[in-house]
4 protein chains.
Amino acid sequence: MIIIPRNPEPLMSRLEELGVQHKRLRLYGVDLVVAWPDVDPSSLGLGSGDVVIPGGHYQLSSSKWRRSSVVRVGGVEVGGGDLVVAAGPCAVEGEDQLRAAAAAVKAAGAKLLRGGAFKPRTSPYSFQGLGERGLELLRKVGGELGLPVVSEVTDPRQVEAAYKYVDAFQVGARNAQNFELLRALGETDKPVILKRGFGETVEEWLSAADYVLLGGNENVILCERGIRTFDHTLRFTLDVGAVAAVKRLSHLPVCVDPSHPAGRREYVEPLALAGVAAGADMLLVEVHPDPGRALSDSEQQLTPSMFLDFMRKVTAVFRASRST
Amino acid sequence: MIIIPRNPEPLMSRLEELGVQHKRLRLYGVDLVVAWPDVDPSSLGLGSGDVVIPGGHYQLSSSKWRRSSVVRVGGVEVGGGDLVVAAGPCAVEGEDQLRAAAAAVKAAGAKLLRGGAFKPRTSPYSFQGLGERGLELLRKVGGELGLPVVSEVTDPRQVEAAYKYVDAFQVGARNAQNFELLRALGETDKPVILKRGFGETVEEWLSAADYVLLGGNENVILCERGIRTFDHTLRFTLDVGAVAAVKRLSHLPVCVDPSHPAGRREYVEPLALAGVAAGADMLLVEVHPDPGRALSDSEQQLTPSMFLDFMRKVTAVFRASRST
Amino acid sequence: MIIIPRNPEPLMSRLEELGVQHKRLRLYGVDLVVAWPDVDPSSLGLGSGDVVIPGGHYQLSSSKWRRSSVVRVGGVEVGGGDLVVAAGPCAVEGEDQLRAAAAAVKAAGAKLLRGGAFKPRTSPYSFQGLGERGLELLRKVGGELGLPVVSEVTDPRQVEAAYKYVDAFQVGARNAQNFELLRALGETDKPVILKRGFGETVEEWLSAADYVLLGGNENVILCERGIRTFDHTLRFTLDVGAVAAVKRLSHLPVCVDPSHPAGRREYVEPLALAGVAAGADMLLVEVHPDPGRALSDSEQQLTPSMFLDFMRKVTAVFRASRST
Amino acid sequence: MIIIPRNPEPLMSRLEELGVQHKRLRLYGVDLVVAWPDVDPSSLGLGSGDVVIPGGHYQLSSSKWRRSSVVRVGGVEVGGGDLVVAAGPCAVEGEDQLRAAAAAVKAAGAKLLRGGAFKPRTSPYSFQGLGERGLELLRKVGGELGLPVVSEVTDPRQVEAAYKYVDAFQVGARNAQNFELLRALGETDKPVILKRGFGETVEEWLSAADYVLLGGNENVILCERGIRTFDHTLRFTLDVGAVAAVKRLSHLPVCVDPSHPAGRREYVEPLALAGVAAGADMLLVEVHPDPGRALSDSEQQLTPSMFLDFMRKVTAVFRASRST
């Protein structure tokens with residue numbers, strides 16, 4: 001349960017006495033206490049102005065206590081009324097490749113630069129990324145172009161180093177329930193783009209967000225990237241219903257990654273349009289200056305010229321779906 | 001394989017000689033011959049102007065031989081550049097209910113009236129529909145308001161009777177691979193709105209369309225209505241990737257039913273917007289004058305006032321996604 | 001709800017008065033009344049010896065009113081304590097093929113002969129079966145060898161003709177929710193082997209069984225044949241948990257078809273063993289005298305010599321799992 | 001590709017020259033070189049007795065180069081011809097609880113003791129385990145009873161500490177693709193019981209095993225624990241087909257966890273029997289001295305008396321399925 005007490009001290013003592021686990025947090029400018037498992041509020045000696053919100057598997061990410069939140073990545077507001085597009089190569093492969101991608105996506109209107117440095121590849125025999133060197137390049141190129149940068153971390157031991165380079169951490173589908181990693185990110189103050197696992201329910205996804213929020217980090221962006229289903233016509237099944245659901249069940253901003261479910265570049269645009277129409281605040285898209293030569297995901301990265309068109313379309317659909 | 005011969009007679013004789021199954025059809029104004037399994041075209045004695053398209057599990061519904069088709073329901077063109085919305089109650093419950101629904105959906109801009117008469121209910125203890133009496137009401141009310149009507153058939157033995165009343169047959173998800181029903185509909189000349197089964201692959205869906213087309217009925221509209229996945233936050237998972245896929249793999253117009261995957265009315269609009277953004281040409285939506293009293297699907301039917309808003313939004317997103 | 005009244009007449013009148021739908025049936029030697037939706041039993045004027053079982057989506061197939069049932073196919077008891085194996089070719093292709101298969105499966109210990117005559121093929125361009133001619137051959141060869149025969153029907157219009165030839169009807173996965181077909185079979189008195197649809201929940205499967213039972217036909221055998229999941233290493237995922245579940249939720253005997261989920265013959269035996277260990281009373285297996293030449297499912301049909309080995313193993317595991 | 005050279009030195013130099021990634025390993029007493037991506041073997045200057053096995057997403061876990069392997073946990077052989085059962089509480093809750101569980105499972109014939117100390121719980125508000133204190137208790141109680149112990153790790157930073165206590169590491173479904181954890185375990189020499197993720201394909205599961213093997217740790221046991229599907233009658237769908245598949249595609253021993261897919265204790269036994277019948281070499285089962293008081297998974301843990309029965313049955317089915 002979440003309690004927003006006017007005076008937290010006696011509440012904390014009371015919870016201590018009752019042997020109920022709890023934590024005091026300041027999130028979005030609100031002083032609150034999370035306590036679990038739920039207890040009868042009448043046992044807590046609360047005052048008349050104190051607010052109590054019943055708990056569940058997830059609480060801090062729930063819309064039960066807060067309608068919507070804005071998360072700032074660098075200076076860019078996600079969830080604030082404008083569509084934010086983060087774009088860039090699947091993997092940082094070198095400085096030239098990255099700079100070409102970054103310039104192209106900036107020119108087309110992307111507000112954030114993405115690029116993988118620690119790559120969690122299904123097979124150990126696939127390209128594993130440049131590691132910290134990749135993050136350095138990302139920082140450098142992003143800095144030159146004035147684009148805040150986003151990159152994935154896959155291990156709690158990477159968090160400290162990555163913190164120096166990135167404006168937002170990305171947690172990939174394969175680590176969506178790597179709770180030690182989520183806890184480590186909850187102790188930082190930088191945004192976390194939390195992908196949904198491809199076998200993860202909506203409830204589990206929001207519970208994973210609570211791992212970060214419970215650490216005191218309020219900057220969580222949920223990211224839908226497609227789930228596993230019986231149909232393999234595309235690589236994954238983009239779950240637009242889940243986008244619509246988390247917009248109602250949670251106050252957190254929502255991102256859609258259309259590249260991974262598409263699997264092939266011709267499907268990236270329709271999936272992005274569908275995601276935006278279903279309510280996404282942000283898109284995370286793979287763009288490569290020369291996709292044919294990419295070291296990973298070469299089939300699904302957009303070319304710079306496709307991306308120009310893409311930006312025009314997603315912007316138009318975003319406006320139309322929010323207009324009336 | 002599909003062959004478009006300038007002179008079909010010798011080709012038919014040759015296929016006969018070779019013992020290859022085949023059928024001559026006129027579809028979309030084109031005289032063609034389907035033959036299966038594929039044989040070496042050089043064995044067929046074709047002339048230089050004859051066209052040969054290699055086959056597969058599906059052929060007639062494939063975009064290999066035709067880019068796009070328009071299907072007319074009553075006088076309404078589906079796939080012709082305007083979004084078509086078919087709306088109405090889940091089930092025809094009585095004349096007043098149907099007339100109220102029909103007037104409301106017409107006023108909001110729907111072009112077709114839908115309503116179930118033969119209801120394929122999961123449990124035999126649920127409301128089974130009014131049967132032929134429901135079709136009579138649909139015809140009557142549709143006629144009064146100038147709305148062509150759409151209703152489901154569930155048995156080849158219903159086709160002849162239903163033909164008299166409906167402007168388009170609907171095949172539901174549970175009969176998506178009821179091949180005897182599809183064959184029976186293939187022998188008529190009225191449009192068939194063919195829903196995808198909730199456990200059916202895209203390839204199987206297009207193969208099912210071929211059962212209708214092979215009978216000589218060219219008026220097939222594909223309809224995505226959500227698939228079964230591990231996540232049950234919504235009732236089904238609307239597969240927008242499949243919508244995008246069949247727009248590329250097939251020439252047939254594509255419809256989205258947002259009501260069944262939504263399960264609850266608050267999710268109908270975002271799913272419809274996503275479906276339209278992904279490429280749908282048509283929507284099939286449940287609207288009831290008083291959803292709380294509906295005999296089936298009471299949770300997911302829109303009210304007339306929600307539907308007004310809905311129409312404004314889907315129209316705006318349709319235009320934005322087709323504009324540039 | 002199911003009511004087992006000592007005196008049905010006044011109950012029927014009372015239900016009539018209340019406007020509650022109901023049907024009187026004699027199933028397994030018990031006179032009962034099914035009524036729906038459930039009403040307060042105290043409103044029915046029941047006597048002290050009358051039994052009332054609350055309803056649900058499925059009722060007649062439920063174990064709430066009956067622990068277990070035996071179904072007789074020809075003279076063979078299914079669910080009676082011995083494992084029953086029905087085997088034979090995927091499709092009846094001709095008299096010699098069928099006789100060779102039948103002789104082989106009988107020699108190995110199969111008690112029933114299976115063979116497809118009406119084949120519901122995903123693609124209209126695949127072999128569609130011999131139709132009624134196939135049923136005649138099945139009857140003839142089964143008669144010669146003293147094996148009762150099982151074959152699939154796909155259309156209510158086939159039921160009357162098929163009734164003359166088969167000892168049990170099979171309903172395939174694609175028609176698992178073809179309710180008109182189920183109703184037609186419910187009006188006969190021959191056993192129905194009801195496959196689960198590959199996208200059908202356990203609850204829906206049992207509700208489908210109720211369509212048959214509600215017609216008065218008590219001879220239903222449930223058959224699990226694999227569901228659609230994200231993993232395609234095998235053709236379908238055999239759901240042994242569902243086998244265990246329906247053994248508890250229902251009184252009906254349970255069959256497993258290991259051939260369709262296997263997709264390849266090397267997997268048929270382990271899946272059959274798993275199905276038997278999970279509780280199956282019966283197996284339905286594809287055996288072909290020369291699988292390489294089969295007109296359908298050539299990859300998954302067992303050879304006669306594999307089937308000999310198979311029978312030894314499944315019998316041993318059946319005994320071990322029931323022994324202690 | 002895997003190369004088993006009689007003389008590795010010149011091969012290593014040649015791969016170096018060609019710029020092909022490679023690693024020399026000694027696994028199961030064999031000196032081999034893994035190289036990726038595959039190159040034309042004729043470019044490697046191999047001798048006539050050198051063996052070359054083409055690669056893929058997974059290589060070291062593949063049966064292409066080795067038919068079957070035995071893994072020793074403490075002194076217990078897994079994959080060696082006898083069924084091995086590891087049993088114990090979901091979570092170590094205290095010394096008395098653990099000792100009671102351990103004594104019961106030993107008496108019934110279990111050869112290994114399992115118990116969770118680091119619990120990866122979906123919700124941060126659920127019991128998180130005793131951590132290192134739990135491992136100490138496990139070591140102590142296992143030592144007293146002569147049972148080697150198995151426990152889960154969830155973070156590469158835990159590996160060093162856990163190494164002191166456990167005889168085998170367990171990797172849970174949520175960390176099945178936590179590649180940094182797998183790499184860390186690959187650098188140890190203790191067995192790793194690698195669960196399949198509930199949304200993971202068989203190919204991905206074997207690729208994950210390669211992450212461990214590539215580190216030089218040959219002691220990997222694959223563990224199937226149920227996948228996510230549309231049907232939720234049980235908690236997960238035990239994929240017996242995957243058990244049969246990895247017995248053919250890989251040389252590694254295979255374990256089945258029937259407790260997590262069951263979700264309720266009545267289903268643990270039939271799932272275990274099915275897993276064993278499909279080919280499992282080992283079972284991992286939750287047993288609690290008083291399940292009603294368990295701090296986690298209270299519904300699915302067996303009581304000691306159920307476990308006695310369970311052991312009798314699984315042993316009988318194991319023997320029957322291996323006999324002929």
# chains A, B, ... in the order shown; residues from 1 in each chain; ligands from 1
$ closest_atom_pairs --of "chain B" --to "chain A" --cutoff "9 Å" --atoms "only C-alpha atoms" --output "tab-separated table"
residue	atom	partner	partner_atom	distance
B:Gly199	CA	A:Phe230	CA	7.6
B:Glu200	CA	A:Asp231	CA	7.8
B:Thr201	CA	A:Asp231	CA	5.4
B:Val202	CA	A:Thr233	CA	6.8
B:Glu203	CA	A:Thr233	CA	8.2
B:Ile227	CA	A:Thr229	CA	8.7
B:Arg228	CA	A:Thr229	CA	8.0
B:Thr229	CA	A:Thr229	CA	5.9
B:Phe230	CA	A:Thr201	CA	7.4
B:Asp231	CA	A:Thr201	CA	5.3
B:His232	CA	A:Thr201	CA	7.9
B:Thr233	CA	A:Val202	CA	6.8
B:Leu234	CA	A:Gly241	CA	6.7
B:Phe236	CA	A:Gly241	CA	8.5
B:Thr237	CA	A:Asp239	CA	6.4
B:Leu238	CA	A:Gly241	CA	6.7
B:Asp239	CA	A:Thr237	CA	6.4
B:Val240	CA	A:Leu271	CA	7.0
B:Gly241	CA	A:Thr237	CA	6.4
B:Ala242	CA	A:Thr233	CA	7.4
B:Ala244	CA	A:Pro270	CA	6.4
B:Ala245	CA	A:Thr233	CA	7.4
B:Pro261	CA	A:Gly241	CA	8.1
B:Ala262	CA	A:Gly241	CA	7.5
B:Tyr267	CA	A:Ala244	CA	6.9
B:Glu269	CA	A:Ala278	CA	8.3
B:Pro270	CA	A:Ala278	CA	4.6
B:Leu271	CA	A:Ala278	CA	6.2
B:Ala272	CA	A:Ala278	CA	8.3
B:Leu273	CA	A:Ala277	CA	5.3
B:Ala274	CA	A:Ala274	CA	4.0
B:Gly275	CA	A:Ala274	CA	6.5
B:Val276	CA	A:Ala274	CA	7.6
B:Ala277	CA	A:Ala274	CA	5.0
B:Ala278	CA	A:Pro270	CA	4.6
B:Gly279	CA	A:Pro270	CA	7.0
B:Asp309	CA	A:Thr324	CA	8.2
B:Arg312	CA	A:Thr324	CA	7.5
B:Lys313	CA	A:Ser321	CA	6.3
B:Val314	CA	A:Ser321	CA	7.9
B:Thr315	CA	A:Ala320	CA	9.0
B:Ala316	CA	A:Ala320	CA	5.4
B:Val317	CA	A:Ala320	CA	5.3
B:Phe318	CA	A:Val317	CA	8.3
B:Arg319	CA	A:Ala320	CA	8.5
B:Ala320	CA	A:Val317	CA	5.3
B:Ser321	CA	A:Val317	CA	5.8
B:Arg322	CA	A:Lys313	CA	8.5
B:Ser323	CA	A:Lys313	CA	8.1
B:Thr324	CA	A:Lys313	CA	6.7
$ residues_around --residues "segment 100-106 of chain C" --least-positions-apart "2" --cutoff "8 Å" --atoms "only C-alpha atoms" --output "ChimeraX atom specification"
/C:87-89,96-98,108-111,113,141-142,145,147,287-289,304,307-308
$ atom_distance --atom1 "atom CA of Leu15 of chain C" --atom2 "atom CA of Arg293 of chain B"
23.0 Å
$ residues_around --residues "segment 20-28 of chain D" --least-positions-apart "2" --cutoff "9 Å" --atoms "only C-alpha atoms" --output "number ranges by chain"
A: 125; D: 8, 12, 14-18, 30-39, 69, 213-218
$ residues_around --residues "Gly134 of chain D" --least-positions-apart "4" --cutoff "7 Å" --atoms "only C-alpha atoms" --output "PyMOL selection string"
chain D and resi 92+117+130+138
$ write_last_selection --atoms "C-alpha atoms" --output "CSV table (one decimal), in the first residue's frame"
chain,number,residue,atom,x,y,z
D,92,VAL,CA,15.0,-21.8,2.6
D,117,ALA,CA,18.2,-18.4,-1.0
D,130,LEU,CA,17.4,-15.3,3.1
D,138,LEU,CA,21.7,-25.4,2.9
$ residues_around --residues "Thr154 of chain C" --least-positions-apart "4" --cutoff "8 Å" --atoms "only C-alpha atoms" --output "PyMOL selection string"
(chain B and resi 178+180) or (chain C and resi 118-120+158+171-172+175+181)
$ residues_around --residues "Leu135 of chain C" --least-positions-apart "4" --cutoff "7 Å" --atoms "only C-alpha atoms" --output "VMD selection string"
chain C and resid 117 131 139 165
$ write_last_selection --atoms "all heavy atoms" --output "CSV table (one decimal), in the first residue's frame"
chain,number,residue,atom,x,y,z
C,117,ALA,N,-11.1,-39.8,-44.3
C,117,ALA,CA,-11.7,-39.9,-45.6
C,117,ALA,C,-12.1,-38.4,-46.1
C,117,ALA,O,-11.8,-38.0,-47.2
C,117,ALA,CB,-13.0,-40.7,-45.6
C,131,GLY,N,-13.3,-39.1,-49.5
C,131,GLY,CA,-14.7,-38.9,-49.2
C,131,GLY,C,-15.4,-40.2,-48.9
C,131,GLY,O,-14.8,-41.1,-48.3
C,139,ARG,N,-14.8,-49.3,-43.6
C,139,ARG,CA,-15.8,-50.2,-43.1
C,139,ARG,C,-15.4,-51.7,-43.5
C,139,ARG,O,-15.4,-52.6,-42.7
C,139,ARG,CB,-17.2,-49.8,-43.7
C,139,ARG,CG,-18.3,-50.8,-43.4
C,139,ARG,CD,-19.0,-50.6,-42.1
C,139,ARG,NE,-18.1,-51.1,-41.0
C,139,ARG,CZ,-18.3,-50.8,-39.7
C,139,ARG,NH1,-19.2,-50.0,-39.3
C,139,ARG,NH2,-17.4,-51.2,-38.8
C,165,TYR,N,-21.0,-46.0,-41.7
C,165,TYR,CA,-19.7,-46.6,-41.9
C,165,TYR,C,-18.9,-46.7,-40.6
C,165,TYR,O,-18.1,-47.6,-40.4
C,165,TYR,CB,-18.9,-45.9,-43.0
C,165,TYR,CG,-19.6,-45.9,-44.3
C,165,TYR,CD1,-20.1,-44.7,-44.8
C,165,TYR,CD2,-19.7,-47.0,-45.1
C,165,TYR,CE1,-20.7,-44.6,-46.0
C,165,TYR,CE2,-20.4,-47.0,-46.3
C,165,TYR,CZ,-20.9,-45.8,-46.8
C,165,TYR,OH,-21.5,-45.7,-48.0
$ select_by_dssp --residues "segment 145-314 of chain C" --states "alpha helix (DSSP H)" --output "JSON, numbers by chain"
{"C": [145, 159, 160, 161, 162, 163, 179, 180, 181, 182, 183, 184, 185, 186, 202, 203, 204, 205, 206, 207, 208, 209, 210, 211, 212, 213, 240, 241, 242, 243, 244, 245, 246, 247, 248, 249, 259, 260, 261, 262, 268, 269, 270, 271, 272, 273, 274, 275, 276, 277, 278, 304, 305, 306, 307, 308, 309, 310, 311, 312, 313, 314]}
$ atom_distance --atom1 "atom CA of Ser298 of chain B" --atom2 "atom CA of Ser123 of chain B"
16.1 Å
$ atom_distance --atom1 "atom CA of Pro156 of chain C" --atom2 "atom CA of Gly115 of chain C"
19.0 Å
$ residues_around --residues "Gly81 of chain B" --least-positions-apart "2" --cutoff "9 Å" --atoms "only C-alpha atoms" --output "list in words"
Glu77, Val78, Gly79, Leu83, Asp281 and Arg322 of chain B
$ select_by_dssp --residues "segment 17-129 of chain D" --states "strand (DSSP E)" --output "PDB file with N, CA and C atoms, in the first residue's frame"
ATOM      1  N   GLN D  21      37.472 -15.436 -35.092  1.00  0.00           N
ATOM      2  CA  GLN D  21      37.428 -15.584 -33.629  1.00  0.00           C
ATOM      3  C   GLN D  21      37.470 -17.057 -33.263  1.00  0.00           C
ATOM      4  N   HIS D  22      38.155 -17.381 -32.189  1.00  0.00           N
ATOM      5  CA  HIS D  22      38.262 -18.794 -31.837  1.00  0.00           C
ATOM      6  C   HIS D  22      38.671 -18.922 -30.378  1.00  0.00           C
ATOM      7  N   LYS D  23      38.487 -20.137 -29.859  1.00  0.00           N
ATOM      8  CA  LYS D  23      38.886 -20.418 -28.480  1.00  0.00           C
ATOM      9  C   LYS D  23      39.245 -21.889 -28.365  1.00  0.00           C
ATOM     10  N   ARG D  24      40.312 -22.139 -27.644  1.00  0.00           N
ATOM     11  CA  ARG D  24      40.734 -23.517 -27.405  1.00  0.00           C
ATOM     12  C   ARG D  24      40.156 -23.954 -26.066  1.00  0.00           C
ATOM     13  N   LEU D  25      39.592 -25.136 -26.044  1.00  0.00           N
ATOM     14  CA  LEU D  25      38.938 -25.630 -24.822  1.00  0.00           C
ATOM     15  C   LEU D  25      39.252 -27.099 -24.629  1.00  0.00           C
ATOM     16  N   ARG D  26      39.196 -27.523 -23.376  1.00  0.00           N
ATOM     17  CA  ARG D  26      39.206 -28.964 -23.106  1.00  0.00           C
ATOM     18  C   ARG D  26      37.868 -29.297 -22.447  1.00  0.00           C
ATOM     19  N   LEU D  27      37.046 -30.045 -23.165  1.00  0.00           N
ATOM     20  CA  LEU D  27      35.708 -30.396 -22.656  1.00  0.00           C
ATOM     21  C   LEU D  27      35.539 -31.906 -22.728  1.00  0.00           C
ATOM     22  N   VAL D  30      38.251 -33.892 -24.221  1.00  0.00           N
ATOM     23  CA  VAL D  30      38.605 -33.679 -25.627  1.00  0.00           C
ATOM     24  C   VAL D  30      39.202 -32.288 -25.794  1.00  0.00           C
ATOM     25  N   ASP D  31      40.323 -32.190 -26.495  1.00  0.00           N
ATOM     26  CA  ASP D  31      40.891 -30.879 -26.837  1.00  0.00           C
ATOM     27  C   ASP D  31      40.266 -30.414 -28.129  1.00  0.00           C
ATOM     28  N   LEU D  32      39.633 -29.257 -28.070  1.00  0.00           N
ATOM     29  CA  LEU D  32      38.988 -28.791 -29.289  1.00  0.00           C
ATOM     30  C   LEU D  32      39.181 -27.291 -29.446  1.00  0.00           C
ATOM     31  N   VAL D  33      38.857 -26.842 -30.629  1.00  0.00           N
ATOM     32  CA  VAL D  33      38.907 -25.408 -30.930  1.00  0.00           C
ATOM     33  C   VAL D  33      37.530 -25.023 -31.502  1.00  0.00           C
ATOM     34  N   VAL D  34      36.920 -24.014 -30.905  1.00  0.00           N
ATOM     35  CA  VAL D  34      35.684 -23.470 -31.490  1.00  0.00           C
ATOM     36  C   VAL D  34      36.086 -22.233 -32.266  1.00  0.00           C
ATOM     37  N   ALA D  35      35.555 -22.070 -33.451  1.00  0.00           N
ATOM     38  CA  ALA D  35      35.868 -20.894 -34.268  1.00  0.00           C
ATOM     39  C   ALA D  35      34.572 -20.364 -34.840  1.00  0.00           C
ATOM     40  N   TRP D  36      34.451 -19.044 -34.910  1.00  0.00           N
ATOM     41  CA  TRP D  36      33.226 -18.461 -35.463  1.00  0.00           C
ATOM     42  C   TRP D  36      33.500 -17.131 -36.110  1.00  0.00           C
ATOM     43  N   VAL D  51      39.050 -33.512 -37.056  1.00  0.00           N
ATOM     44  CA  VAL D  51      37.596 -33.575 -37.211  1.00  0.00           C
ATOM     45  C   VAL D  51      37.019 -32.158 -37.250  1.00  0.00           C
ATOM     46  N   VAL D  52      36.119 -31.922 -38.180  1.00  0.00           N
ATOM     47  CA  VAL D  52      35.482 -30.606 -38.297  1.00  0.00           C
ATOM     48  C   VAL D  52      33.969 -30.776 -38.209  1.00  0.00           C
ATOM     49  N   ILE D  53      33.326 -30.026 -37.290  1.00  0.00           N
ATOM     50  CA  ILE D  53      31.878 -30.076 -37.158  1.00  0.00           C
ATOM     51  C   ILE D  53      31.328 -28.683 -37.448  1.00  0.00           C
ATOM     52  N   VAL D  71      26.802 -35.457 -16.073  1.00  0.00           N
ATOM     53  CA  VAL D  71      27.259 -34.366 -15.205  1.00  0.00           C
ATOM     54  C   VAL D  71      27.168 -34.839 -13.757  1.00  0.00           C
ATOM     55  N   ARG D  72      28.248 -34.616 -13.013  1.00  0.00           N
ATOM     56  CA  ARG D  72      28.265 -35.044 -11.608  1.00  0.00           C
ATOM     57  C   ARG D  72      27.967 -33.875 -10.673  1.00  0.00           C
ATOM     58  N   VAL D  73      26.948 -34.027  -9.840  1.00  0.00           N
ATOM     59  CA  VAL D  73      26.608 -33.001  -8.835  1.00  0.00           C
ATOM     60  C   VAL D  73      26.966 -33.604  -7.485  1.00  0.00           C
ATOM     61  N   VAL D  76      26.834 -37.361  -7.356  1.00  0.00           N
ATOM     62  CA  VAL D  76      25.652 -37.937  -8.013  1.00  0.00           C
ATOM     63  C   VAL D  76      25.722 -37.732  -9.527  1.00  0.00           C
ATOM     64  N   GLU D  77      25.581 -38.806 -10.273  1.00  0.00           N
ATOM     65  CA  GLU D  77      25.650 -38.722 -11.734  1.00  0.00           C
ATOM     66  C   GLU D  77      24.293 -38.403 -12.351  1.00  0.00           C
ATOM     67  N   VAL D  78      24.234 -37.332 -13.121  1.00  0.00           N
ATOM     68  CA  VAL D  78      23.010 -36.985 -13.840  1.00  0.00           C
ATOM     69  C   VAL D  78      23.224 -37.308 -15.322  1.00  0.00           C
ATOM     70  N   VAL D  84      17.596 -39.098 -11.337  1.00  0.00           N
ATOM     71  CA  VAL D  84      18.047 -38.336 -10.172  1.00  0.00           C
ATOM     72  C   VAL D  84      16.956 -37.339  -9.790  1.00  0.00           C
ATOM     73  N   VAL D  85      16.571 -37.343  -8.538  1.00  0.00           N
ATOM     74  CA  VAL D  85      15.577 -36.377  -8.093  1.00  0.00           C
ATOM     75  C   VAL D  85      16.211 -35.412  -7.095  1.00  0.00           C
ATOM     76  N   ALA D  86      16.123 -34.118  -7.402  1.00  0.00           N
ATOM     77  CA  ALA D  86      16.526 -33.067  -6.463  1.00  0.00           C
ATOM     78  C   ALA D  86      15.245 -32.506  -5.871  1.00  0.00           C
ATOM     79  N   ALA D  87      15.171 -32.462  -4.541  1.00  0.00           N
ATOM     80  CA  ALA D  87      13.928 -31.993  -3.934  1.00  0.00           C
ATOM     81  C   ALA D  87      14.234 -31.154  -2.709  1.00  0.00           C
ATOM     82  N   GLY D  88      13.257 -30.378  -2.314  1.00  0.00           N
ATOM     83  CA  GLY D  88      13.426 -29.505  -1.160  1.00  0.00           C
ATOM     84  C   GLY D  88      12.506 -28.315  -1.280  1.00  0.00           C
ATOM     85  N   LEU D 112      19.498 -35.264  -4.212  1.00  0.00           N
ATOM     86  CA  LEU D 112      20.017 -33.905  -4.088  1.00  0.00           C
ATOM     87  C   LEU D 112      19.009 -33.057  -3.322  1.00  0.00           C
ATOM     88  N   LEU D 113      19.540 -32.054  -2.627  1.00  0.00           N
ATOM     89  CA  LEU D 113      18.683 -31.134  -1.865  1.00  0.00           C
ATOM     90  C   LEU D 113      18.640 -29.778  -2.565  1.00  0.00           C
ATOM     91  N   ARG D 114      17.430 -29.301  -2.840  1.00  0.00           N
ATOM     92  CA  ARG D 114      17.311 -27.972  -3.440  1.00  0.00           C
ATOM     93  C   ARG D 114      16.670 -27.011  -2.427  1.00  0.00           C
TER      94      ARG D 114
END
